[in-house]
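With compact mmCIF, C-alpha atoms inside, this is upload.txt:
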```
# COMPACT_ATOMS: atom_id res chain seq x y z
CA ARG A 1 -37.59 38.73 21.97
CA LEU A 2 -38.67 36.07 24.45
CA ALA A 3 -37.14 33.30 22.33
CA ALA A 4 -33.87 35.22 22.06
CA ARG A 5 -33.79 35.72 25.82
CA VAL A 6 -34.44 32.04 26.47
CA ALA A 7 -31.70 31.06 24.03
CA GLY A 8 -29.31 33.46 25.70
CA GLN A 9 -29.99 32.04 29.13
CA VAL A 10 -29.58 28.46 27.88
CA HIS A 11 -26.24 29.30 26.29
CA GLU A 12 -25.11 31.05 29.46
CA ALA A 13 -26.04 27.96 31.46
CA ALA A 14 -24.04 25.81 29.05
CA ARG A 15 -21.03 28.11 29.32
CA ARG A 16 -21.16 27.94 33.11
CA CYS A 17 -21.29 24.12 32.96
CA LEU A 18 -17.88 24.05 31.30
CA GLY A 19 -14.71 23.71 33.30
CA PRO A 20 -13.55 21.27 35.98
CA GLY A 21 -16.14 19.14 37.69
CA GLN A 22 -19.13 17.06 36.66
CA GLY A 23 -20.60 19.51 34.15
CA GLU A 24 -23.41 20.77 36.37
CA LEU A 25 -24.70 24.13 37.55
CA ASP A 26 -24.50 24.66 41.28
CA ARG A 27 -27.66 25.99 42.90
CA THR A 28 -26.36 29.54 43.23
CA THR A 29 -25.44 29.76 39.55
CA PHE A 30 -28.73 28.16 38.51
CA GLU A 31 -30.74 30.73 40.48
CA GLU A 32 -28.62 33.53 39.06
CA ILE A 33 -29.42 32.50 35.48
CA PHE A 34 -32.97 31.29 36.09
CA PRO A 35 -34.36 33.29 39.05
CA TRP A 36 -37.14 31.65 41.03
CA ARG A 37 -38.84 34.98 41.64
CA THR A 38 -39.45 35.55 37.93
CA GLY A 39 -40.68 32.02 37.26
CA TRP A 40 -37.76 31.06 35.04
CA ALA A 41 -36.51 28.33 37.36
CA SER A 42 -39.91 26.66 37.55
CA ALA A 43 -40.33 26.94 33.78
CA VAL A 44 -37.05 25.26 32.80
CA LEU A 45 -37.60 22.49 35.35
CA THR A 46 -41.21 21.92 34.35
CA GLU A 47 -40.32 21.79 30.66
CA GLY A 48 -37.53 19.33 31.40
CA LEU A 49 -34.73 21.47 30.00
CA LEU A 50 -32.70 21.02 33.17
CA VAL A 51 -33.12 18.48 35.95
CA PRO A 52 -31.84 18.29 39.53
CA ALA A 53 -28.55 16.41 39.82
CA GLY A 54 -26.82 16.02 43.15
CA ALA A 55 -26.25 19.44 44.64
CA GLY A 56 -27.05 21.25 41.40
CA TYR A 57 -28.70 20.96 38.00
CA ARG A 58 -27.72 19.53 34.61
CA PHE A 59 -29.17 19.44 31.11
CA ALA A 60 -31.82 16.74 30.89
CA HIS A 61 -30.92 15.72 27.34
CA GLU A 62 -27.26 14.81 27.08
CA GLU A 63 -26.95 15.42 23.33
CA LEU A 64 -28.48 18.89 23.64
CA GLY A 65 -26.18 19.68 26.54
CA ASP A 66 -23.13 18.48 24.60
CA TRP A 67 -24.10 20.55 21.56
CA VAL A 68 -24.68 23.79 23.46
CA GLN A 69 -21.60 23.38 25.65
CA GLY A 70 -19.47 22.45 22.65
CA ALA A 71 -20.43 25.73 21.00
CA HIS A 72 -18.80 27.63 23.87
CA LEU A 73 -15.78 25.42 24.51
CA ASP A 74 -12.27 26.72 23.82
CA LEU A 75 -11.23 23.62 21.88
CA ASP A 76 -7.49 24.25 21.69
CA ALA A 77 -7.34 24.96 25.41
CA ALA A 78 -9.28 21.77 26.10
CA LEU A 79 -7.02 19.66 23.88
CA ARG A 80 -3.96 21.09 25.55
CA SER A 81 -5.35 20.45 29.02
CA LEU A 82 -6.54 16.91 28.30
CA VAL A 83 -3.85 15.65 25.92
CA HIS A 84 -1.03 17.83 24.70
CA ARG A 85 0.39 19.19 27.93
CA TRP A 86 1.36 15.64 28.91
CA HIS A 87 3.85 15.21 26.08
CA ARG A 88 6.36 17.36 24.29
CA GLY A 89 9.06 17.17 21.64
CA ARG A 90 9.51 14.70 18.83
CA GLY A 91 11.42 12.22 20.92
CA GLY A 92 8.33 11.13 22.80
CA THR A 93 9.36 12.89 26.01
CA VAL A 94 6.52 13.01 28.49
CA ARG A 95 6.07 15.80 30.97
CA PRO A 96 6.83 15.01 34.61
CA ALA A 97 4.08 14.66 37.17
CA SER A 98 3.83 18.41 37.70
CA THR A 99 4.91 21.09 35.27
CA GLU A 100 4.77 24.84 35.78
CA GLY A 101 2.43 24.47 38.72
CA GLU A 102 -0.17 22.48 36.76
CA PRO A 103 -2.01 19.72 38.62
CA ARG A 104 -1.19 16.18 37.48
CA SER A 105 -4.79 14.97 37.46
CA LEU A 106 -6.86 15.65 34.37
CA PRO A 107 -9.42 18.43 34.88
CA VAL A 108 -12.61 16.62 33.86
CA PRO A 109 -13.93 13.06 34.17
CA ARG A 110 -14.06 10.84 31.10
CA HIS A 111 -17.84 10.82 30.83
CA ARG A 112 -17.73 14.53 29.92
CA ILE A 113 -16.10 13.84 26.57
CA GLY A 114 -19.28 14.75 24.65
CA PRO A 115 -18.86 18.55 24.59
CA VAL A 116 -15.24 18.23 23.43
CA ILE A 117 -16.20 15.93 20.54
CA GLN A 118 -19.01 18.31 19.63
CA ALA A 119 -16.57 21.23 19.69
CA MET A 120 -14.32 19.37 17.24
CA VAL A 121 -17.22 18.73 14.87
CA LEU A 122 -18.27 22.38 15.11
CA LEU A 123 -14.71 23.46 14.32
CA GLY A 124 -14.90 21.62 11.01
CA ARG A 125 -18.19 23.34 10.18
CA ARG A 126 -17.07 26.83 11.20
CA GLN A 127 -13.41 26.97 10.17
CA GLY A 128 -13.28 24.26 7.52
CA THR A 129 -12.22 20.66 7.34
CA ALA A 130 -8.51 21.52 7.15
CA ALA A 131 -8.63 23.01 10.65
CA LEU A 132 -10.24 19.89 12.07
CA ALA A 133 -7.92 17.57 10.14
CA HIS A 134 -4.96 19.40 11.69
CA ARG A 135 -6.27 18.75 15.23
CA MET A 136 -6.93 15.11 14.35
CA ALA A 137 -3.38 14.66 13.05
CA ASP A 138 -2.05 16.19 16.27
CA LEU A 139 -4.01 13.60 18.26
CA ILE A 140 -2.40 10.76 16.28
CA GLU A 141 1.04 12.19 17.02
CA ALA A 142 0.09 12.47 20.68
CA LEU A 143 -1.00 8.82 20.72
CA ASP A 144 2.40 7.74 19.41
CA ARG A 145 4.14 9.59 22.21
CA LEU A 146 1.74 8.72 25.01
CA TRP A 147 1.39 4.99 24.28
CA THR A 148 4.54 3.44 22.85
CA ASP A 149 5.31 -0.17 21.97
CA GLY A 150 6.54 -0.52 25.54
CA GLY A 151 3.19 0.47 27.03
CA PRO A 152 1.40 3.61 28.20
CA ARG A 153 3.40 6.62 29.30
CA ASP A 154 0.24 8.45 30.29
CA GLU A 155 -2.85 6.26 30.06
CA ASP A 156 -5.42 8.97 30.85
CA ALA A 157 -4.12 11.40 28.24
CA ALA A 158 -3.86 8.57 25.70
CA TRP A 159 -7.47 7.60 26.45
CA TRP A 160 -8.62 11.15 25.71
CA ALA A 161 -6.58 11.34 22.51
CA ALA A 162 -7.93 8.03 21.18
CA HIS A 163 -11.56 8.67 22.10
CA LEU A 164 -11.59 12.25 20.82
CA LEU A 165 -10.14 11.11 17.51
CA ASN A 166 -12.52 8.16 17.31
CA GLY A 167 -15.59 10.14 18.31
CA SER A 168 -14.98 13.07 15.99
CA LEU A 169 -14.26 10.88 12.95
CA LEU A 170 -17.46 8.92 13.52
CA ARG A 171 -19.51 12.06 14.18
CA VAL A 172 -18.64 14.08 11.06
CA ALA A 173 -21.30 13.94 8.36
CA ASP A 174 -18.73 13.19 5.64
CA ALA A 175 -15.36 11.63 6.45
CA ARG A 176 -13.90 12.11 2.96
CA PRO A 177 -12.05 15.35 3.84
CA TYR A 178 -10.24 13.36 6.54
CA LEU A 179 -8.99 10.54 4.33
CA GLY A 180 -5.41 11.73 4.82
CA VAL A 181 -5.83 11.42 8.59
CA LEU A 182 -7.44 8.00 8.20
CA ARG A 183 -4.59 6.73 6.01
CA VAL A 184 -2.03 7.83 8.59
CA LEU A 185 -4.10 6.17 11.31
CA ALA A 186 -4.29 2.92 9.32
CA GLY A 187 -0.52 2.97 8.90
CA ARG A 188 0.01 3.44 12.63
CA ILE A 189 -2.28 0.51 13.44
CA THR A 190 -0.49 -1.79 10.99
CA ARG A 191 2.86 -0.77 12.43
CA ARG A 192 1.68 -1.28 16.01
CA SER A 193 0.30 -4.71 15.05
CA ALA A 194 3.85 -5.76 14.18
CA ALA A 195 4.99 -5.06 17.76
CA PRO A 196 5.85 -8.08 19.97
CA ASP A 197 2.37 -8.31 21.52
CA GLY A 198 0.68 -8.22 18.11
CA PRO A 199 -2.81 -6.98 17.19
CA GLY A 200 -4.31 -8.33 20.41
CA ASP A 201 -2.61 -5.52 22.35
CA LEU A 202 -2.79 -2.32 20.33
CA GLY A 203 -3.00 -0.10 23.39
CA ALA A 204 -4.96 3.07 22.70
CA TYR A 205 -5.12 2.10 19.02
CA GLY A 206 -7.47 -0.69 20.07
CA GLU A 207 -10.25 1.92 19.81
CA PHE A 208 -9.96 1.67 16.02
CA GLY A 209 -10.86 -1.95 15.38
CA PRO A 210 -12.68 -3.23 12.28
CA TRP A 211 -16.02 -2.01 13.65
CA PHE A 212 -14.71 1.57 13.53
CA TRP A 213 -13.85 1.41 9.83
CA ARG A 214 -17.25 -0.08 9.01
CA ARG A 215 -19.07 2.82 10.67
CA LEU A 216 -17.22 5.69 8.98
CA ARG A 217 -19.39 7.81 6.69
CA LEU A 218 -17.46 7.12 3.52
CA PRO A 219 -18.13 5.92 -0.02
CA GLU A 220 -17.50 2.19 -0.31
CA GLU A 221 -14.50 2.76 -2.57
CA ASP A 222 -12.67 4.74 0.12
CA ARG A 223 -13.66 2.36 2.93
CA ILE A 224 -12.42 -0.72 1.08
CA ASP A 225 -9.14 1.00 0.24
CA LEU A 226 -8.58 1.87 3.91
CA LEU A 227 -9.28 -1.73 4.92
CA ARG A 228 -6.78 -2.86 2.28
CA ARG A 229 -4.12 -0.85 4.09
CA LEU A 230 -5.01 -2.63 7.34
CA VAL A 231 -5.23 -6.21 6.06
CA PRO A 232 -1.48 -6.97 6.50
CA ALA A 233 -2.14 -7.01 10.26
CA ASP A 234 -4.50 -9.96 9.74
CA GLY A 235 -1.55 -12.30 9.22
CA LEU A 236 -0.67 -12.10 12.91
CA PRO A 237 -2.40 -14.45 15.37
CA ARG A 238 -5.00 -12.81 17.59
CA THR A 239 -5.53 -13.71 21.21
CA ASP A 240 -8.53 -11.47 21.89
CA GLY A 241 -11.04 -13.26 19.65
CA ASP A 242 -11.85 -10.04 17.80
CA GLU A 243 -12.72 -9.95 14.12
CA ARG A 244 -10.09 -9.27 11.50
CA TYR A 245 -10.05 -6.48 8.97
CA LEU A 246 -10.72 -8.98 6.20
CA ASP A 247 -13.82 -10.04 8.14
CA ALA A 248 -15.02 -6.43 7.90
CA VAL A 249 -14.47 -6.56 4.13
CA ALA A 250 -16.41 -9.83 3.98
CA ARG A 251 -19.33 -8.13 5.72
CA ARG A 252 -19.35 -5.33 3.18
CA LEU A 253 -19.12 -7.89 0.39
CA ALA A 254 -22.15 -9.73 1.75
CA LEU A 255 -24.13 -6.48 1.93
CA ASP A 256 -23.45 -5.37 -1.65
CA ALA A 257 -21.40 -7.86 -3.63
CA PRO A 258 -21.73 -6.17 -7.06
CA ALA A 259 -20.31 -2.93 -5.63
CA VAL A 260 -17.50 -4.48 -3.57
CA GLN A 261 -16.26 -7.14 -6.00
CA PRO A 262 -14.62 -4.64 -8.44
CA LEU A 263 -13.01 -2.85 -5.50
CA LEU A 264 -11.48 -6.10 -4.27
CA CYS A 265 -10.14 -6.81 -7.74
CA ARG A 266 -8.03 -3.67 -7.36
CA TRP A 267 -6.19 -5.42 -4.54
CA PHE A 268 -4.67 -7.89 -7.01
CA THR A 269 -1.65 -5.62 -7.51
CA ASP A 270 -0.97 -5.23 -3.77
CA GLU A 271 1.90 -7.62 -3.12
CA ARG A 272 2.54 -6.58 0.48
CA PRO A 273 2.95 -9.72 2.57
CA LEU A 274 0.77 -10.29 5.60
CA LEU A 275 2.65 -9.70 8.84
CA VAL A 276 3.83 -12.73 10.79
CA GLY A 277 4.73 -13.20 14.42
CA PRO A 278 8.20 -14.01 15.75
CA ASP A 279 7.31 -17.71 16.12
CA ALA A 280 6.05 -18.13 12.56
CA PRO A 281 8.00 -20.56 10.35
CA ASP A 282 10.42 -19.00 7.91
CA VAL A 283 8.87 -19.61 4.51
CA PRO A 284 10.07 -18.15 1.20
CA LEU A 285 6.60 -17.02 0.14
CA ARG A 286 4.14 -15.42 2.55
CA PRO A 287 0.47 -14.71 1.78
CA THR A 288 -0.09 -11.25 0.38
CA VAL A 289 -2.92 -8.74 0.39
CA ALA A 290 -3.61 -9.72 -3.23
CA ALA A 291 -3.86 -13.40 -2.26
CA ALA A 292 -6.24 -12.55 0.59
CA ALA A 293 -8.55 -10.71 -1.82
CA GLN A 294 -8.49 -13.57 -4.30
CA ALA A 295 -9.28 -16.09 -1.58
CA LEU A 296 -12.19 -14.01 -0.29
CA LEU A 297 -13.68 -13.54 -3.75
CA TYR A 298 -13.39 -17.25 -4.45
CA ALA A 299 -14.94 -18.22 -1.11
CA ARG A 300 -17.89 -15.84 -1.63
CA ARG A 301 -18.26 -16.21 -5.39
CA ASP A 302 -21.84 -17.44 -5.01
CA LEU A 303 -22.99 -13.98 -3.87
CA ALA A 304 -22.97 -12.55 -7.40
CA LEU A 305 -21.22 -14.86 -9.83
CA ASP A 306 -22.09 -13.00 -13.04
CA GLU A 307 -21.00 -9.66 -11.60
CA LEU A 308 -17.77 -11.24 -10.33
CA THR A 309 -17.02 -12.54 -13.81
CA ASP A 310 -17.54 -9.07 -15.24
CA ALA A 311 -15.28 -7.54 -12.57
CA LEU A 312 -12.49 -10.03 -13.26
CA ILE A 313 -12.43 -9.39 -17.00
CA ALA A 314 -12.90 -5.62 -16.76
```
Taking this structure as input, can you express it in the form of structure tokens?
Amino acid sequence: RLAARVAGQVHEAARRCLGPGQGELDRTTFEEIFPWRTGWASAVLTEGLLVPAGAGYRFAHEELGDWVQGAHLDLDAALRSLVHRWHRGRGGTVRPASTEGEPRSLPVPRHRIGPVIQAMVLLGRRQGTAALAHRMADLIEALDRLWTDGGPRDEDAAWWAAHLLNGSLLRVADARPYLGVLRVLAGRITRRSAAPDGPGDLGAYGEFGPWFWRRLRLPEEDRIDLLRRLVPADGLPRTDGDERYLDAVARRLALDAPAVQPLLCRWFTDERPLLVGPDAPDVPLRPTVAAAAQALLYARRDLALDELTDALIA
């Protein structure tokens, strides 16, 4: 009974932390949930469950606080407040500065993204991966409307959309149910890379660089296929010094050449040309995804020569 009561009070504290502000309990609310006269306040402070923060109290361990708060968050209301109310319609129309009496400023600071990401992950566990995939797809559509080729239409809302999508995809234990979302995302990045400013200025899509695709919890076969979809963007010159998608493939190849070599051989039928910038010379034949795979395998053939031979003749 004592454990159940403690859990109930902790969850109530988490619920009260939600909403506008810094995610803290004010002193009055803290004393209401954990009265000093009964010893509860001293106990939670002594055990380090909550700690003083400014004029109130917050959870001492951020991950625990995110998890408990995420369990009580109304996810759809949060997504609407942070992202979706700032755009509408298929034409990319963005809401004006104030709509239906709503304040223009976003209701929570960016550092409080943790509970929202946790709520998305919990949605997938409780209601199934299809429910979470639907919210992820909505965030991609929001990104297209909030950050166009001409620049941001609402930078704050686009930031939330990109980071919620990024954080939830990296947090799920198995990203395979979201391969459809990831393929759409890869297509958007390749398309945005063909814009005048090229891959060095992807806007909010810059949160999904090669490092992101390396960290996804996916079988190698699915990861390499997603990177194949992104490689056409490598043909454009970069001005930011960042790695290319083919560099990410090269890293995976170096880690486990026998596993990756056969997957790269599947690229040999992909004749999509690499994208080129507006100043590139007009040549009849442009390098293709297949040619990029062949060049990489040749350059790194010393990693596992016998296995490469087997993969080529398979």
Contact residues around range 30-43 of chain A with only C-alpha atoms at 10 Å, ignoring same-chain residues under 4 positions, as a ChimeraX atom specification: /A:6,8-10,12-13,16,24-26,47-50,56-58
Considering all atoms listed in the file, return as number ranges by chain whatever protein or nucleic-acid residues lie within 10 Å of Gln69 in chain A, sequence-local ones (same chain, fewer than 6 positions apart) excluded. A: 10-18, 23, 63, 114-116, 118-119
As a CSV table (one decimal) with C-alpha atoms, in the coordinates of the input, please: the residues near Leu165 in chain A (cut-off 12 Å, all atoms listed in the file, same-chain neighbours under 3 positions excluded).
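Dumped everything to around-v6.csv:
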```csv
chain,number,residue,atom,x,y,z
A,79,LEU,CA,-7.0,19.7,23.9
A,83,VAL,CA,-3.8,15.6,25.9
A,113,ILE,CA,-16.1,13.8,26.6
A,116,VAL,CA,-15.2,18.2,23.4
A,117,ILE,CA,-16.2,15.9,20.5
A,118,GLN,CA,-19.0,18.3,19.6
A,120,MET,CA,-14.3,19.4,17.2
A,121,VAL,CA,-17.2,18.7,14.9
A,132,LEU,CA,-10.2,19.9,12.1
A,133,ALA,CA,-7.9,17.6,10.1
A,134,HIS,CA,-5.0,19.4,11.7
A,135,ARG,CA,-6.3,18.8,15.2
A,136,MET,CA,-6.9,15.1,14.4
A,137,ALA,CA,-3.4,14.7,13.0
A,138,ASP,CA,-2.0,16.2,16.3
A,139,LEU,CA,-4.0,13.6,18.3
A,140,ILE,CA,-2.4,10.8,16.3
A,141,GLU,CA,1.0,12.2,17.0
A,142,ALA,CA,0.1,12.5,20.7
A,143,LEU,CA,-1.0,8.8,20.7
A,158,ALA,CA,-3.9,8.6,25.7
A,159,TRP,CA,-7.5,7.6,26.4
A,160,TRP,CA,-8.6,11.2,25.7
A,161,ALA,CA,-6.6,11.3,22.5
A,162,ALA,CA,-7.9,8.0,21.2
A,168,SER,CA,-15.0,13.1,16.0
A,169,LEU,CA,-14.3,10.9,13.0
A,170,LEU,CA,-17.5,8.9,13.5
A,171,ARG,CA,-19.5,12.1,14.2
A,172,VAL,CA,-18.6,14.1,11.1
A,178,TYR,CA,-10.2,13.4,6.5
A,181,VAL,CA,-5.8,11.4,8.6
A,182,LEU,CA,-7.4,8.0,8.2
A,185,LEU,CA,-4.1,6.2,11.3
A,204,ALA,CA,-5.0,3.1,22.7
A,205,TYR,CA,-5.1,2.1,19.0
A,207,GLU,CA,-10.2,1.9,19.8
A,208,PHE,CA,-10.0,1.7,16.0
A,212,PHE,CA,-14.7,1.6,13.5
```
Could you jot down the CA of Ala259 in chain A to CA of Asp174 in chain A separation for me, Å, one decimal place?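 It comes out at 19.7 Å.
Between CA of Asp247 in chain A and CA of Ala290 in chain A lies a distance of 15.3 Å.
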Keeping N, CA and C atoms (and nothing else), can you write range 138-160 of chain A of this structure as a CSV table (one decimal), in the first residue's frame?
```
chain,number,residue,atom,x,y,z
A,138,ASP,N,2.6,12.8,-40.1
A,138,ASP,CA,2.1,14.1,-40.0
A,138,ASP,C,3.2,15.1,-39.8
A,139,LEU,N,4.2,14.7,-39.0
A,139,LEU,CA,5.3,15.7,-38.7
A,139,LEU,C,6.1,16.0,-40.0
A,140,ILE,N,6.3,15.0,-40.8
A,140,ILE,CA,7.0,15.2,-42.1
A,140,ILE,C,6.2,16.2,-43.0
A,141,GLU,N,4.9,16.0,-43.0
A,141,GLU,CA,4.0,16.9,-43.8
A,141,GLU,C,4.1,18.3,-43.2
A,142,ALA,N,4.1,18.4,-41.9
A,142,ALA,CA,4.3,19.7,-41.3
A,142,ALA,C,5.6,20.4,-41.6
A,143,LEU,N,6.7,19.6,-41.7
A,143,LEU,CA,8.0,20.1,-42.0
A,143,LEU,C,7.9,20.7,-43.4
A,144,ASP,N,7.3,20.1,-44.4
A,144,ASP,CA,7.2,20.6,-45.7
A,144,ASP,C,6.5,21.9,-45.8
A,145,ARG,N,5.5,22.1,-45.0
A,145,ARG,CA,4.8,23.3,-45.0
A,145,ARG,C,5.4,24.4,-44.2
A,146,LEU,N,6.1,24.1,-43.1
A,146,LEU,CA,6.7,25.1,-42.2
A,146,LEU,C,8.1,25.5,-42.7
A,147,TRP,N,8.8,24.7,-43.5
A,147,TRP,CA,10.1,25.1,-43.9
A,147,TRP,C,10.2,24.7,-45.4
A,148,THR,N,9.9,25.7,-46.3
A,148,THR,CA,9.9,25.4,-47.7
A,148,THR,C,11.3,25.7,-48.3
A,149,ASP,N,11.4,25.5,-49.6
A,149,ASP,CA,12.7,25.8,-50.3
A,149,ASP,C,13.1,27.2,-50.1
A,150,GLY,N,12.1,28.1,-49.9
A,150,GLY,CA,12.4,29.5,-49.8
A,150,GLY,C,12.8,29.9,-48.4
A,151,GLY,N,12.8,29.0,-47.4
A,151,GLY,CA,13.2,29.3,-46.1
A,151,GLY,C,12.1,29.0,-45.1
A,152,PRO,N,12.3,29.3,-43.8
A,152,PRO,CA,11.3,28.9,-42.8
A,152,PRO,C,10.1,29.8,-42.8
A,153,ARG,N,8.9,29.2,-42.7
A,153,ARG,CA,7.7,30.0,-42.5
A,153,ARG,C,7.4,30.1,-41.0
A,154,ASP,N,7.8,29.2,-40.2
A,154,ASP,CA,7.7,29.2,-38.8
A,154,ASP,C,8.8,28.4,-38.2
A,155,GLU,N,9.9,29.0,-37.8
A,155,GLU,CA,11.1,28.3,-37.5
A,155,GLU,C,10.9,27.5,-36.2
A,156,ASP,N,10.2,28.1,-35.2
A,156,ASP,CA,10.0,27.4,-33.9
A,156,ASP,C,9.2,26.1,-34.1
A,157,ALA,N,8.1,26.2,-34.8
A,157,ALA,CA,7.3,25.0,-35.0
A,157,ALA,C,8.0,24.0,-35.9
A,158,ALA,N,8.8,24.4,-36.9
A,158,ALA,CA,9.6,23.5,-37.7
A,158,ALA,C,10.6,22.8,-36.8
A,159,TRP,N,11.2,23.5,-35.9
A,159,TRP,CA,12.2,22.9,-34.9
A,159,TRP,C,11.6,21.8,-34.1
A,160,TRP,N,10.4,22.1,-33.6
A,160,TRP,CA,9.7,21.0,-32.8
A,160,TRP,C,9.4,19.8,-33.7
```
